[in-house]
$ cat my_file_24.txt   # compact mmCIF, C-alpha atoms and all ligand atoms
# COMPACT_ATOMS: atom_id res chain seq x y z
CA MET R 1 91.13 132.45 137.97
CA SER R 2 90.40 130.18 135.11
CA GLY R 3 86.88 131.08 134.16
CA ASN R 4 83.59 131.92 135.75
CA ASN R 5 81.86 128.62 135.22
CA GLY R 6 83.79 126.59 137.74
CA ASN R 7 85.90 124.74 135.20
CA SER R 8 89.63 124.79 135.73
CA GLY R 9 90.61 124.24 132.12
CA VAL R 10 89.55 124.64 128.55
CA PRO R 11 85.84 125.36 128.08
CA SER R 12 83.93 122.36 126.83
CA ASP R 13 82.07 121.89 123.54
CA LEU R 14 84.04 124.54 121.71
CA GLU R 15 85.58 122.50 118.96
CA ALA R 16 82.19 121.29 117.79
CA ASP R 17 80.63 124.76 117.82
CA TRP R 18 83.40 126.63 116.11
CA GLU R 19 83.51 127.28 112.41
CA PRO R 20 86.09 129.42 110.66
CA ALA R 21 84.97 132.74 109.26
CA SER R 22 83.89 132.40 105.66
CA ASP R 23 85.76 134.11 102.86
CA SER R 24 84.38 137.34 101.51
CA ASN R 25 85.22 139.31 98.45
CA PRO R 26 88.08 141.69 99.21
CA ALA R 27 87.12 145.31 99.42
CA SER R 28 88.48 147.73 96.88
CA VAL R 29 91.39 149.98 97.81
CA GLN R 30 91.89 153.52 96.72
CA GLY R 31 95.43 154.68 96.30
CA PRO R 32 96.76 157.87 97.80
CA ASP R 33 95.92 161.18 96.26
CA PRO R 34 99.27 162.67 95.21
CA ALA R 35 97.64 166.08 94.89
CA SER R 36 97.07 166.18 98.63
CA GLY R 37 100.72 165.58 99.54
CA SER R 38 103.31 168.11 100.59
CA ALA R 39 106.89 168.25 101.66
CA GLY R 40 107.76 168.24 105.36
CA PRO R 41 105.09 167.16 107.84
CA GLN R 42 102.55 164.82 106.37
CA VAL R 43 99.20 166.26 105.41
CA ALA R 44 96.27 163.96 104.89
CA GLU R 45 92.56 164.26 104.71
CA VAL R 46 90.43 161.25 103.99
CA ALA R 47 86.71 161.60 103.73
CA ALA R 48 84.42 158.94 105.04
CA ALA R 49 82.66 156.50 102.79
CA THR R 50 78.91 156.68 102.89
CA GLY R 51 77.51 155.29 106.10
CA ASP R 52 77.31 156.14 109.77
CA VAL R 53 80.41 158.05 110.83
CA VAL R 54 81.61 156.56 114.11
CA VAL R 55 84.96 158.29 114.53
CA SER R 56 85.83 161.68 113.14
CA ALA R 57 89.28 163.18 113.66
CA ASP R 58 89.64 166.79 112.62
CA ASN R 59 92.83 168.71 112.00
CA LEU R 60 95.23 166.67 114.11
CA HIS R 61 98.73 168.06 114.58
CA CYS R 62 100.86 165.29 116.01
CA ARG R 63 104.28 166.28 117.30
CA TYR R 64 107.03 165.20 119.62
CA GLY R 65 108.24 168.33 121.34
CA SER R 66 108.82 170.86 118.61
CA ARG R 67 109.12 168.23 115.88
CA VAL R 68 105.94 168.03 113.84
CA ILE R 69 105.27 164.50 112.57
CA LEU R 70 101.77 164.95 111.17
CA ASP R 71 100.09 168.22 110.32
CA SER R 72 96.41 168.85 109.65
CA VAL R 73 95.35 165.22 109.49
CA SER R 74 91.64 164.51 109.28
CA VAL R 75 90.15 161.05 109.20
CA GLN R 76 86.63 159.73 109.28
CA LEU R 77 85.70 156.15 110.03
CA SER R 78 82.26 154.77 109.31
CA ALA R 79 80.59 151.70 110.69
CA GLY R 80 81.53 148.63 108.69
CA GLU R 81 84.45 150.13 106.84
CA ALA R 82 88.20 149.76 107.15
CA VAL R 83 90.69 152.54 106.61
CA ALA R 84 94.30 151.48 106.27
CA VAL R 85 97.29 153.65 107.09
CA VAL R 86 100.42 152.77 105.13
CA GLY R 87 103.86 154.28 104.70
CA PRO R 88 107.51 153.54 105.31
CA ASN R 89 109.15 153.17 108.70
CA GLY R 90 109.07 156.44 110.59
CA SER R 91 106.39 158.05 108.44
CA GLY R 92 104.06 158.55 111.40
CA LYS R 93 101.59 155.67 111.27
CA SER R 94 101.82 154.76 114.95
CA THR R 95 101.92 158.44 115.83
CA LEU R 96 98.62 158.95 114.02
CA ILE R 97 97.05 156.12 116.00
CA ARG R 98 98.39 157.46 119.28
CA CYS R 99 97.11 160.92 118.39
CA LEU R 100 93.71 159.56 117.42
CA LEU R 101 93.39 157.53 120.61
CA GLY R 102 94.38 160.51 122.74
CA LEU R 103 97.59 158.88 123.94
CA GLN R 104 99.53 161.79 122.52
CA ASP R 105 98.90 165.53 122.23
CA ARG R 106 96.57 166.23 119.33
CA GLY R 107 97.87 169.78 118.92
CA GLY R 108 94.44 171.31 119.12
CA GLY R 109 92.77 168.84 116.76
CA ARG R 110 89.63 167.07 117.90
CA VAL R 111 88.47 163.49 117.73
CA TRP R 112 84.81 162.61 117.96
CA LEU R 113 83.16 159.31 118.76
CA ASP R 114 79.50 159.31 117.76
CA GLY R 115 79.66 163.09 117.64
CA ARG R 116 81.01 163.48 121.16
CA PRO R 117 84.63 164.13 122.15
CA MET R 118 86.63 160.89 122.26
CA VAL R 119 88.83 160.76 125.32
CA ASP R 120 90.90 157.71 126.22
CA THR R 121 89.95 157.97 129.89
CA ASP R 122 86.22 158.14 129.11
CA PRO R 123 84.56 154.79 129.90
CA ARG R 124 82.26 155.29 126.91
CA SER R 125 85.26 155.55 124.59
CA ARG R 126 87.05 152.63 126.18
CA ALA R 127 83.94 150.49 125.89
CA ALA R 128 83.65 151.20 122.17
CA VAL R 129 87.26 151.13 121.01
CA ALA R 130 89.36 147.96 121.06
CA THR R 131 93.02 148.33 120.22
CA VAL R 132 95.89 146.07 119.23
CA GLY R 133 99.16 147.93 119.68
CA ASP R 134 102.50 147.00 118.25
CA ASP R 135 103.78 145.99 121.69
CA THR R 136 101.14 144.58 124.03
CA ASP R 137 102.06 143.91 127.65
CA PHE R 138 100.68 140.90 129.47
CA PHE R 139 100.42 139.84 133.09
CA ALA R 140 103.31 137.44 133.63
CA GLU R 141 101.36 135.39 136.18
CA LEU R 142 98.11 135.00 134.22
CA SER R 143 97.55 132.27 131.65
CA VAL R 144 96.18 132.71 128.16
CA GLY R 145 92.74 131.64 129.32
CA GLU R 146 92.87 133.91 132.34
CA HIS R 147 93.84 136.90 130.18
CA LEU R 148 90.93 136.30 127.84
CA ASN R 149 88.53 135.76 130.74
CA LEU R 150 89.76 138.83 132.57
CA VAL R 151 89.17 141.15 129.63
CA ALA R 152 85.81 139.57 128.83
CA ILE R 153 84.65 139.96 132.43
CA ALA R 154 85.97 143.54 132.63
CA HIS R 155 83.83 144.41 129.61
CA GLY R 156 80.73 142.72 130.96
CA VAL R 157 80.67 139.79 128.56
CA ALA R 158 78.05 137.25 129.58
CA ASP R 159 79.32 133.66 129.82
CA SER R 160 82.85 134.98 129.63
CA ASN R 161 84.58 131.60 129.85
CA GLN R 162 82.67 130.26 126.87
CA VAL R 163 83.38 133.38 124.84
CA ALA R 164 87.03 133.34 125.91
CA GLY R 165 87.30 129.75 124.75
CA GLU R 166 85.74 130.54 121.40
CA VAL R 167 88.19 133.38 120.91
CA ALA R 168 91.09 131.13 121.94
CA ILE R 169 90.05 128.75 119.18
CA ASP R 170 89.60 131.60 116.72
CA VAL R 171 93.11 132.94 117.30
CA GLY R 172 94.61 129.45 117.43
CA LEU R 173 95.54 129.38 121.11
CA LEU R 174 93.26 126.73 122.58
CA GLU R 175 96.18 124.37 123.16
CA GLN R 176 97.97 127.21 124.96
CA TRP R 177 94.99 127.95 127.22
CA GLU R 178 96.91 127.13 130.43
CA GLN R 179 100.24 128.62 129.35
CA LEU R 180 101.74 131.82 130.76
CA PRO R 181 102.69 134.62 128.33
CA GLY R 182 106.38 134.06 129.00
CA THR R 183 106.11 130.57 127.55
CA LEU R 184 104.45 131.68 124.29
CA SER R 185 106.22 132.20 121.00
CA GLN R 186 106.26 135.71 119.55
CA GLY R 187 103.56 134.79 117.07
CA GLN R 188 101.45 133.27 119.82
CA ARG R 189 101.83 136.44 121.88
CA ARG R 190 100.57 138.36 118.87
CA ARG R 191 97.60 136.04 118.63
CA LEU R 192 96.87 136.64 122.32
CA ALA R 193 96.98 140.41 121.77
CA LEU R 194 94.46 139.99 118.95
CA GLY R 195 92.35 137.73 121.12
CA LEU R 196 92.15 140.35 123.85
CA ALA R 197 90.66 142.79 121.34
CA LEU R 198 88.24 140.21 119.95
CA VAL R 199 86.99 138.85 123.26
CA ARG R 200 85.25 142.10 124.22
CA PRO R 201 82.45 144.12 122.63
CA ARG R 202 83.71 146.72 120.15
CA ARG R 203 82.44 149.19 117.61
CA VAL R 204 85.86 150.46 116.61
CA LEU R 205 88.96 148.34 116.12
CA VAL R 206 92.34 150.06 115.93
CA LEU R 207 95.23 147.83 114.96
CA ASP R 208 98.91 148.74 114.68
CA GLU R 209 100.67 146.21 112.45
CA PRO R 210 98.56 143.27 113.67
CA GLU R 211 100.18 141.00 111.09
CA GLN R 212 103.52 141.14 112.88
CA ARG R 213 104.91 137.69 113.69
CA LEU R 214 101.90 135.91 112.22
CA ASP R 215 102.58 133.03 109.87
CA GLY R 216 100.91 132.72 106.47
CA GLU R 217 97.89 130.92 107.85
CA GLY R 218 97.64 133.52 110.60
CA ARG R 219 97.69 136.39 108.11
CA SER R 220 94.99 134.73 106.03
CA TRP R 221 92.91 134.23 109.15
CA LEU R 222 93.47 137.88 110.12
CA ALA R 223 92.18 139.11 106.77
CA ARG R 224 89.08 136.92 107.06
CA ARG R 225 88.56 138.03 110.66
CA LEU R 226 88.74 141.73 109.79
CA ILE R 227 86.37 141.30 106.86
CA ALA R 228 83.96 139.57 109.24
CA GLU R 229 84.36 142.45 111.69
CA LYS R 230 83.34 144.89 108.95
CA ALA R 231 80.32 142.75 108.16
CA ASP R 232 79.37 143.08 111.82
CA GLY R 233 79.51 146.87 111.51
CA VAL R 234 82.84 147.44 113.23
CA ALA R 235 84.83 150.46 112.03
CA ILE R 236 88.49 149.53 111.53
CA LEU R 237 91.65 151.61 111.45
CA LEU R 238 94.49 149.39 110.31
CA VAL R 239 98.19 150.26 110.23
CA SER R 240 100.02 147.68 108.20
CA HIS R 241 103.06 146.95 106.06
CA ASP R 242 101.30 143.92 104.58
CA ARG R 243 100.02 144.99 101.19
CA ALA R 244 97.97 141.83 100.72
CA LEU R 245 96.21 142.44 104.03
CA VAL R 246 95.53 146.06 103.12
CA ASP R 247 94.31 145.10 99.66
CA GLY R 248 92.05 142.45 101.09
CA VAL R 249 90.52 144.45 103.91
CA ALA R 250 90.74 148.20 103.40
CA ASP R 251 88.06 150.33 101.78
CA ARG R 252 90.28 153.39 101.80
CA VAL R 253 93.99 154.01 102.30
CA ILE R 254 95.90 156.84 103.90
CA ASP R 255 99.42 156.76 102.49
CA LEU R 256 101.84 158.66 104.71
CA GLY R 257 104.72 157.87 102.40
CA PHE R 258 103.69 159.85 99.38
CA ALA R 259 105.28 163.07 100.58
CA ALA R 260 108.38 161.53 102.15
N1 LIG R 301 108.36 159.08 121.67
C1 LIG R 301 108.92 159.70 120.62
N2 LIG R 301 109.65 160.81 120.79
C2 LIG R 301 110.21 161.47 119.75
N3 LIG R 301 110.07 161.07 118.46
C3 LIG R 301 109.33 159.96 118.23
C4 LIG R 301 108.73 159.22 119.30
N4 LIG R 301 108.07 158.18 118.76
C5 LIG R 301 108.27 158.26 117.43
N5 LIG R 301 109.03 159.31 117.12
C6 LIG R 301 109.41 159.73 115.77
O1 LIG R 301 108.24 160.01 115.04
C7 LIG R 301 108.37 159.58 113.70
C8 LIG R 301 107.18 158.69 113.38
O2 LIG R 301 107.26 157.52 114.17
P1 LIG R 301 106.13 156.41 114.11
O3 LIG R 301 106.43 155.39 115.15
O4 LIG R 301 104.82 157.06 114.14
O5 LIG R 301 106.40 155.82 112.64
P2 LIG R 301 105.72 154.57 111.93
O6 LIG R 301 105.26 155.03 110.60
O7 LIG R 301 104.71 153.93 112.82
O8 LIG R 301 106.97 153.62 111.74
P3 LIG R 301 107.13 152.03 111.67
O9 LIG R 301 106.66 151.59 110.30
O10 LIG R 301 108.59 151.84 111.83
O11 LIG R 301 106.34 151.41 112.79
C9 LIG R 301 109.72 158.88 113.60
O12 LIG R 301 110.63 159.75 112.99
C10 LIG R 301 110.12 158.62 115.02
O13 LIG R 301 111.50 158.70 115.19
$ encode --input "my_file_24.txt" --output "structure tokens" --more "lines below"
Ligand SMILES: Nc1ncnc2c1ncn2[C@@H]1O[C@H](COP(=O)(O)OP(=O)(O)OP(=O)(O)O)[C@@H](O)[C@H]1O
Amino acid sequence: MSGNNGNSGVPSDLEADWEPASDSNPASVQGPDPASGSAGPQVAEVAAATGDVVVSADNLHCRYGSRVILDSVSVQLSAGEAVAVVGPNGSGKSTLIRCLLGLQDRGGGRVWLDGRPMVDTDPRSRAAVATVGDDTDFFAELSVGEHLNLVAIAHGVADSNQVAGEVAIDVGLLEQWEQLPGTLSQGQRRRLALGLALVRPRRVLVLDEPEQRLDGEGRSWLARRLIAEKADGVAILLVSHDRALVDGVADRVIDLGFAA
């Protein structure tokens, strides 16, 4: 498969159509509230900014076996806002994402999408929530273009090959359109993972250290891209160690390091 328009290669007319996302003023960032910290398992509660609440996580207790990693975590995400999760290695950032997405036991806590339970197996949830994990797997036998097309088609994107090509340009992989994942550099694989989240419709974007392996230009592009996503009304949950990215994109910050 190399597209649904009969072309075997790169979609035509993309270079002329594409323009980079314009710069926006960085959003303000609120620091952690030391008063809400505690020793032992992390405790965090971050209220939503004004706006339509898309995702609401209440009282999550994330644990591995008997070891509690996060206790009584509540998060609300509104349309068009970005919440960043920061903290040192091992502080529970990825665990929080896994808990929120339902990939890990929530310990009785609940997560709501548009006021209804958010379950990872629910097609409604999967249609709304695009994710970029810290370790994305690819099909070894499918090219960059085929990956982007496949995801676009699976999510019902009209004119999927055109959209896939536009996303390939956006993430800087148009020249790699025909390449297999095994032939990509680590940074290019990261760009493909981002492309797979951007090629499909989304109302929520959950990213676990998306800046990994990106060069300076790539990180600048990522910040602009996420700001553009917010402008389109996408709710973003961003785990990152990149303070500049967090400062540039996040409206609010959950700091899991303050009680370490
Ligand atoms: N599958 C697992 N089983 C048991 N413990 C785990 C598992 N995954 C993570 N942990 C532990 O949970 C804690 C939080 O891990 P997590 O991956 O959420 O941290 P993180 O903040 O995302 O770290 P990093 O910045 O290194 O990505 C760590 O102490 C880790 O050892």
$ residues_near_ligand --input "my_file_24.txt" --ligand "ligand LIG 301 (chain R)" --cutoff "9 Å" --atoms "all atoms listed in the file" --output "list of chain:residue names"
R:Arg63, R:Tyr64, R:Gly65, R:Arg67, R:Val68, R:Ile69, R:Leu70, R:Val85, R:Val86, R:Gly87, R:Pro88, R:Asn89, R:Gly90, R:Ser91, R:Gly92, R:Lys93, R:Ser94, R:Thr95, R:Leu96, R:Ile97, R:Arg98, R:Asp134, R:Asp208, R:Glu209, R:Val239, R:Ser240, R:His241, R:Leu256, R:Gly257
$ residues_around --input "my_file_24.txt" --residues "R:Gly108" --least-positions-apart "5" --cutoff "8 Å" --atoms "all atoms listed in the file" --output "number ranges by chain"
R: 59-61
$ write_last_selection --input "my_file_24.txt" --atoms "C-alpha atoms" --output "CSV table (one decimal), in the coordinates of the input"
chain,number,residue,atom,x,y,z
R,59,ASN,CA,92.8,168.7,112.0
R,60,LEU,CA,95.2,166.7,114.1
R,61,HIS,CA,98.7,168.1,114.6
$ residues_around --input "my_file_24.txt" --residues "R:Arg213" --least-positions-apart "3" --cutoff "8 Å" --atoms "all atoms listed in the file" --output "ChimeraX atom specification"
/R:186-187,190
$ atom_distance --input "my_file_24.txt" --atom1 "atom CA of R:Leu198" --atom2 "atom CA of R:Leu226"
10.3 Å
$ atom_distance --input "my_file_24.txt" --atom1 "atom CA of R:Asp251" --atom2 "atom CA of R:Cys99"
21.7 Å
